[in-house]
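K.L.:
Dropping a structure here in structure tokens format, bear with me for questions.
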Amino acid sequence: MLGKIIEIKDTQITVKLEIDITTQASLMNLHVVFEDQGKKQVGEIISISKDTILIQILGEFIGDRFAPGFNKKPSFKATVRMISLEELSSIYGHQQIKEAGYMYLGTSTLYNNYRINVNVNDLFAHHFGVIGNTGSGKSFAVSRIFQNLFSASSYVPLKSNIMIFDAYGEYTNAFSNLSSTNPNIGYKTFTTNIKNPEGEILRIPLWLLDVDDLAILLGVDSASQIPILEKALKLVVLLRSDNKDVLAHKNDIIARAIMDILMSGKESTKIRDQVMAVLTNFNTNELNLETPIIEPGYTRTLKQCLFVDKSGKMQDVEVVVDTISKFMIENLELKTPDGTIPYTLSDLEKAMDFALISEGVLKSDKVFDNANVLSVRLHSLVSSDYREFFSYPEMTDKATYIDYLMSIPGTGRKAQIVNFNINYVDDRFAKSLVKVITKLVFSYTLELRRRASMPFHIIIEEAHRYVQNDKDEEILGYNIFNRIAKEGRKYGVLLGFITQRPSELSETSISQCSNFLILRTVHPRDVEYIKNLIPNISEEIISELKTLQPGCCMAFGSAFKVPIAIKFDKPNPEPLSNNADIIKLWY
């Protein structure tokens, strides 16, 4: 017996000690049990003086099961003692894994290396966050968690689908040898290093992307730009071929653009110059500046009929209008691509040019300035090395592509962990890649006949750089991460955010996380954010977060009945996240 209760205030209880505290090992943060008429309640020691201890009530035992929270506080006559090992196992979990569905996470920092084993469903059936400053051990923790998950002697999750967006290329060193423990475990890496690839170069079939994906890739910043992209998508498949129907559609687009110019009411010289500019850049074998206009007794070209006389008039404007109108098609209907016809970035660029004139950008300088930026960005993508990421070599559908992502090349064996090394592209483009691939996976799960029958875990390193409060909600009507955070569990898509700046993440996304592993965090803004993010977190725990050793964390959430201080084993092998050895490199 530790002593007697002398004060009960809110959820804290003061106990006057009846033991000599100076002869005891440290009792700080250990658990005590209040027993009263067969009822047992549990608390944590949060403060110690020479003759008293302050205890925070955590929960109570209902039979042999521990339940967080409580309905009634202990009475003054309750006995106070240290928790037993058997009782502790009801809170921290059993020391030995006796059945499938549990995994070893780490050891308690309080109870002599007590093994913390967690229920896999409780941890991985929810979104989670790993938070900590640089150097706190986030990469080590994540590496160790998945090494533990796949290195168990039994109960290996061979049907898992784990995708890691690796901001620094750290994790290949930690995961590439997993198959040595079990030949059925597969690890695969995609790289964005085009010049010296250390794995497969990441390639995405362009025809599997929809208008929202293109909006993300091209950095759309106004909802008024979306119709241009929609029109380009509808035109891209059409413009790939040269059959009779396609030629008629091309002629129709060019003719409508010219007709808009002819009817604009501008000066004849401006009309002439704009029509010639359109037909110089966009033409077919049937409709171009040399198109013959046949009249009784003579034949002239379309270019000759655009002549403006000395008085500033285009005498043959009616002839031009009549000729152009013959190329226009009534009730023209274009269909959105369904992913069954492949096309390239160059095909899309041509379609974009036609979409621009089709949407009337030549009639308004304001419309031109707003829409032409898309053409410029697309041309920059086509002209850059990044075009390689969309040069998929063969026709594929969405299901086949997802299967390709999760398969070991050359063997066809399944990969349980796929690493996307996005270290070799700039942040803006990396962010686009993360969003596009994540959305592609989510849309695939939406189409599965059995909902949530193929779960995917999407782990995002440096998540604060990619999961932000963007303008996507305003322009597209949703942010893909926010949508998955709110709806993903129903379809088996779970997010894992690894970040040093939780306050910079999308608030909607991180608020949906059910589990948090928080390593050392000292930035005042982030500490305050964590304090408001996690319910019932005490000031004592907040203080502890600032002084945690590297590789140690405070664990909160549905996988943990109470906040637990955990120390992770050193990963073997380690991720490539060490600091530069200045002494070795300098001397």
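Just remember, in the structure tokens the first chain shown is A, the second B, etc., residues are 1-based per chain, and ligands are 1-based in the order shown.
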Applying 8 Å and only C-alpha atoms, which residues near range 455-465 of chain A remain after dropping the ones on its own chain fewer than 6 positions away? List them as a PyMOL selection string.
P.N.:
chain A and resi 160-167+427+431+438+441+491-502+504-506
K.L.:
Counting only C-alpha atoms, what is within 12 Å of Arg428 in chain A, bar same-chain residues fewer than 3 positions away, as a list in words?
P.N.:
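Counting only the stated atoms, we get Ile216, Leu217, Leu218, Gly219, Ile422, Asn423, Tyr424, Val425, Lys431, Ser432, Leu433, Val434, Lys435, Arg465, Tyr466, Val467 and Asp470 of chain A.
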K.L.:
So which residues of range 115-154 of chain A fall under alpha helix (DSSP H) by DSSP, listed as a PyMOL selection string?
P.N.:
chain A and resi 120-124+138-151
K.L.:
Using the selection just defined, write its residues with all heavy atoms as a short mmCIF file (atom, residue, chain, number, x, y, z; two decimals), in the first residue's frame.
P.N.:
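Saved the output as result-v9.cif:
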```cif
data_model
loop_
_atom_site.label_atom_id
_atom_site.label_comp_id
_atom_site.auth_asym_id
_atom_site.auth_seq_id
_atom_site.Cartn_x
_atom_site.Cartn_y
_atom_site.Cartn_z
N VAL A 120 -3.24 -5.25 -34.88
CA VAL A 120 -2.97 -4.70 -36.21
C VAL A 120 -4.19 -3.93 -36.72
O VAL A 120 -4.05 -2.86 -37.33
CB VAL A 120 -2.58 -5.82 -37.19
CG1 VAL A 120 -2.51 -5.29 -38.62
CG2 VAL A 120 -1.24 -6.42 -36.78
N ASN A 121 -5.39 -4.46 -36.48
CA ASN A 121 -6.60 -3.75 -36.91
C ASN A 121 -6.71 -2.39 -36.23
O ASN A 121 -7.03 -1.38 -36.85
CB ASN A 121 -7.85 -4.57 -36.59
CG ASN A 121 -8.49 -5.14 -37.84
OD1 ASN A 121 -8.09 -4.81 -38.96
ND2 ASN A 121 -9.47 -5.98 -37.65
N ASP A 122 -6.43 -2.36 -34.92
CA ASP A 122 -6.54 -1.10 -34.18
C ASP A 122 -5.56 -0.06 -34.68
O ASP A 122 -5.84 1.15 -34.64
CB ASP A 122 -6.30 -1.35 -32.68
CG ASP A 122 -7.41 -2.15 -32.03
OD1 ASP A 122 -8.52 -2.18 -32.61
OD2 ASP A 122 -7.18 -2.74 -30.97
N LEU A 123 -4.39 -0.53 -35.17
CA LEU A 123 -3.38 0.42 -35.64
C LEU A 123 -3.54 0.76 -37.12
O LEU A 123 -3.50 1.93 -37.50
CB LEU A 123 -1.97 -0.17 -35.39
CG LEU A 123 -0.79 0.73 -35.77
CD1 LEU A 123 -0.82 2.03 -34.98
CD2 LEU A 123 0.54 0.00 -35.55
N PHE A 124 -3.75 -0.26 -37.97
CA PHE A 124 -3.70 -0.04 -39.41
C PHE A 124 -5.05 0.06 -40.10
O PHE A 124 -5.10 0.31 -41.31
CB PHE A 124 -2.88 -1.17 -40.07
CG PHE A 124 -1.40 -1.04 -39.86
CD1 PHE A 124 -0.74 -1.89 -38.99
CD2 PHE A 124 -0.68 -0.05 -40.51
CE1 PHE A 124 0.62 -1.78 -38.78
CE2 PHE A 124 0.68 0.07 -40.31
CZ PHE A 124 1.34 -0.79 -39.45
N LYS A 138 11.87 9.83 -36.74
CA LYS A 138 10.65 9.45 -37.47
C LYS A 138 10.93 8.34 -38.48
O LYS A 138 10.21 7.34 -38.53
CB LYS A 138 10.05 10.67 -38.19
CG LYS A 138 9.59 11.79 -37.29
CD LYS A 138 8.85 12.85 -38.08
CE LYS A 138 9.69 13.49 -39.17
NZ LYS A 138 10.88 14.17 -38.67
N SER A 139 11.96 8.52 -39.29
CA SER A 139 12.28 7.51 -40.31
C SER A 139 12.69 6.19 -39.66
O SER A 139 12.32 5.11 -40.15
CB SER A 139 13.42 8.01 -41.21
OG SER A 139 13.08 9.21 -41.85
N PHE A 140 13.42 6.26 -38.56
CA PHE A 140 13.80 5.04 -37.84
C PHE A 140 12.55 4.34 -37.32
O PHE A 140 12.43 3.12 -37.41
CB PHE A 140 14.72 5.39 -36.66
CG PHE A 140 16.18 5.42 -37.03
CD1 PHE A 140 16.60 5.97 -38.23
CD2 PHE A 140 17.14 4.90 -36.19
CE1 PHE A 140 17.93 6.00 -38.59
CE2 PHE A 140 18.49 4.91 -36.52
CZ PHE A 140 18.88 5.46 -37.73
N ALA A 141 11.63 5.12 -36.76
CA ALA A 141 10.40 4.54 -36.20
C ALA A 141 9.57 3.85 -37.29
O ALA A 141 9.13 2.71 -37.12
CB ALA A 141 9.58 5.62 -35.51
N VAL A 142 9.38 4.54 -38.42
CA VAL A 142 8.58 3.97 -39.51
C VAL A 142 9.25 2.72 -40.06
O VAL A 142 8.60 1.71 -40.32
CB VAL A 142 8.37 5.02 -40.62
CG1 VAL A 142 7.69 4.40 -41.83
CG2 VAL A 142 7.51 6.18 -40.10
N SER A 143 10.57 2.78 -40.24
CA SER A 143 11.31 1.61 -40.74
C SER A 143 11.15 0.43 -39.79
O SER A 143 10.90 -0.70 -40.21
CB SER A 143 12.79 1.95 -40.90
OG SER A 143 12.98 2.97 -41.85
N ARG A 144 11.30 0.69 -38.50
CA ARG A 144 11.20 -0.39 -37.51
C ARG A 144 9.81 -0.98 -37.46
O ARG A 144 9.64 -2.20 -37.34
CB ARG A 144 11.59 0.15 -36.14
CG ARG A 144 11.70 -0.89 -35.05
CD ARG A 144 12.91 -1.78 -35.24
NE ARG A 144 12.62 -3.05 -35.86
CZ ARG A 144 13.52 -3.97 -36.13
NH1 ARG A 144 14.79 -3.76 -35.84
NH2 ARG A 144 13.19 -5.10 -36.71
N ILE A 145 8.78 -0.15 -37.57
CA ILE A 145 7.40 -0.63 -37.53
C ILE A 145 7.16 -1.64 -38.65
O ILE A 145 6.62 -2.73 -38.43
CB ILE A 145 6.41 0.54 -37.62
CG1 ILE A 145 6.43 1.34 -36.31
CG2 ILE A 145 4.99 0.04 -37.89
CD1 ILE A 145 5.68 2.65 -36.39
N PHE A 146 7.56 -1.28 -39.88
CA PHE A 146 7.29 -2.18 -41.00
C PHE A 146 8.25 -3.37 -41.01
O PHE A 146 7.89 -4.46 -41.47
CB PHE A 146 7.33 -1.40 -42.31
CG PHE A 146 6.12 -0.53 -42.50
CD1 PHE A 146 6.22 0.85 -42.45
CD2 PHE A 146 4.87 -1.10 -42.70
CE1 PHE A 146 5.11 1.65 -42.60
CE2 PHE A 146 3.74 -0.31 -42.87
CZ PHE A 146 3.86 1.07 -42.81
N GLN A 147 9.47 -3.18 -40.51
CA GLN A 147 10.36 -4.33 -40.36
C GLN A 147 9.77 -5.33 -39.37
O GLN A 147 9.80 -6.54 -39.60
CB GLN A 147 11.75 -3.87 -39.90
CG GLN A 147 12.57 -3.20 -40.99
CD GLN A 147 13.91 -2.67 -40.47
OE1 GLN A 147 14.19 -2.71 -39.27
NE2 GLN A 147 14.74 -2.17 -41.37
N ASN A 148 9.21 -4.83 -38.27
CA ASN A 148 8.56 -5.70 -37.30
C ASN A 148 7.37 -6.42 -37.92
O ASN A 148 7.14 -7.61 -37.70
CB ASN A 148 8.08 -4.90 -36.09
CG ASN A 148 9.22 -4.39 -35.23
OD1 ASN A 148 10.37 -4.82 -35.39
ND2 ASN A 148 8.92 -3.49 -34.31
N LEU A 149 6.60 -5.68 -38.70
CA LEU A 149 5.39 -6.23 -39.30
C LEU A 149 5.70 -7.40 -40.23
O LEU A 149 4.99 -8.40 -40.25
CB LEU A 149 4.65 -5.13 -40.07
CG LEU A 149 3.31 -5.49 -40.71
CD1 LEU A 149 2.28 -5.85 -39.64
CD2 LEU A 149 2.81 -4.33 -41.57
N PHE A 150 6.81 -7.28 -40.99
CA PHE A 150 7.12 -8.29 -42.00
C PHE A 150 8.18 -9.31 -41.56
O PHE A 150 8.43 -10.27 -42.28
CB PHE A 150 7.58 -7.61 -43.29
CG PHE A 150 6.46 -6.97 -44.05
CD1 PHE A 150 6.21 -5.61 -43.94
CD2 PHE A 150 5.63 -7.74 -44.86
CE1 PHE A 150 5.17 -5.03 -44.62
CE2 PHE A 150 4.59 -7.17 -45.55
CZ PHE A 150 4.35 -5.80 -45.43
N SER A 151 8.81 -9.10 -40.41
CA SER A 151 9.85 -10.03 -39.98
C SER A 151 9.36 -11.02 -38.94
O SER A 151 10.15 -11.82 -38.43
CB SER A 151 11.05 -9.26 -39.42
OG SER A 151 10.67 -8.52 -38.27
#
```
K.L.:
Calculated over only C-alpha atoms, which of the candidates A:Gln96, A:Gln24, A:Ser311, A:Ser75 has the smallest distance to Glu7 in chain A?
P.N.:
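Smallest distance to Glu7 in chain A is found for A:Ser75.
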K.L.:
Counting only C-alpha atoms, which residue out of A:Ser453, A:Gln225, A:Asn71, A:Ser543 sits closest to Ser375 in chain A?
P.N.:
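Between A:Ser453, A:Gln225, A:Asn71, A:Ser543, the residue approaching Ser375 in chain A most closely is A:Gln225.
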K.L.:
Could you pull out all residues of range 146-254 of chain A with a DSSP call of strand (DSSP E) and give them as an mmCIF file with N, CA and C atoms, in the first residue's frame?
P.N.:
```
data_model
loop_
_atom_site.group_PDB
_atom_site.id
_atom_site.type_symbol
_atom_site.label_atom_id
_atom_site.label_comp_id
_atom_site.auth_asym_id
_atom_site.auth_seq_id
_atom_site.Cartn_x
_atom_site.Cartn_y
_atom_site.Cartn_z
ATOM 1 N N ILE A 162 1.179 -1.596 -49.419
ATOM 2 C CA ILE A 162 1.692 -0.414 -48.731
ATOM 3 C C ILE A 162 2.483 0.424 -49.721
ATOM 4 N N MET A 163 2.053 1.657 -49.910
ATOM 5 C CA MET A 163 2.734 2.582 -50.818
ATOM 6 C C MET A 163 3.368 3.702 -49.993
ATOM 7 N N ILE A 164 4.664 3.903 -50.194
ATOM 8 C CA ILE A 164 5.380 4.944 -49.466
ATOM 9 C C ILE A 164 5.870 5.996 -50.456
ATOM 10 N N PHE A 165 5.475 7.234 -50.222
ATOM 11 C CA PHE A 165 6.017 8.338 -51.009
ATOM 12 C C PHE A 165 7.216 8.884 -50.237
ATOM 13 N N ASP A 166 8.389 8.550 -50.761
ATOM 14 C CA ASP A 166 9.655 8.743 -50.061
ATOM 15 C C ASP A 166 10.299 10.050 -50.521
ATOM 16 N N TYR A 187 9.483 -6.306 -52.167
ATOM 17 C CA TYR A 187 9.673 -4.849 -52.051
ATOM 18 C C TYR A 187 10.023 -4.312 -53.433
ATOM 19 N N LYS A 188 9.433 -3.197 -53.790
ATOM 20 C CA LYS A 188 9.652 -2.614 -55.120
ATOM 21 C C LYS A 188 9.839 -1.114 -54.980
ATOM 22 N N THR A 189 10.717 -0.568 -55.817
ATOM 23 C CA THR A 189 10.925 0.874 -55.771
ATOM 24 C C THR A 189 10.786 1.475 -57.155
ATOM 25 N N PHE A 190 10.106 2.612 -57.204
ATOM 26 C CA PHE A 190 10.055 3.428 -58.412
ATOM 27 C C PHE A 190 10.880 4.680 -58.149
ATOM 28 N N THR A 191 11.566 5.153 -59.166
ATOM 29 C CA THR A 191 12.424 6.316 -58.991
ATOM 30 C C THR A 191 12.001 7.447 -59.920
ATOM 31 N N GLU A 200 12.985 1.062 -61.153
ATOM 32 C CA GLU A 200 12.137 1.368 -62.305
ATOM 33 C C GLU A 200 11.780 2.856 -62.309
ATOM 34 N N ILE A 201 11.848 3.477 -63.467
ATOM 35 C CA ILE A 201 11.404 4.867 -63.578
ATOM 36 C C ILE A 201 9.886 4.893 -63.470
#
```
K.L.:
List as a Markdown table every residue of range 479-547 of chain A that is in contact with range 27-30 of chain A, defined as an atom at most 12 Å from one of its atoms (using only C-alpha atoms), together with the nearest atom pair and the distance in Å rounded to one decimal, sorted by chain and then rising number.
P.N.:
```
| residue | atom | partner | partner_atom | distance |
| --- | --- | --- | --- | --- |
| A:Glu540 | CA | A:Asn29 | CA | 9.5 |
| A:Ile541 | CA | A:Asn29 | CA | 9.7 |
| A:Glu544 | CA | A:Asn29 | CA | 10.6 |
```
K.L.:
Let's have the selection written as a compact mmCIF listing (two decimals), in the first residue's frame, with C-alpha atoms.
P.N.:
```
# COMPACT_ATOMS: atom_id res chain seq x y z
CA GLU A 540 2.48 16.66 -18.25
CA ILE A 541 2.53 14.70 -21.51
CA GLU A 544 7.39 15.20 -22.01
```
K.L.:
Could you name the residues that touch Glu18 in chain A at 8 Å or less, counting only C-alpha atoms, but leaving out those on the same chain fewer than 3 positions away, as a ChimeraX atom specification?
P.N.:
/A:1-4,51
K.L.:
Extract, using only C-alpha atoms, all DNA, RNA and protein residues at most 12 Å from range 79-86 of chain A, discarding same-chain residues fewer than 6 positions from it, and format them as a ChimeraX atom specification.
P.N.:
/A:1-6,13-19,27-45,53,55,61,64-66,92-95,111-112,114
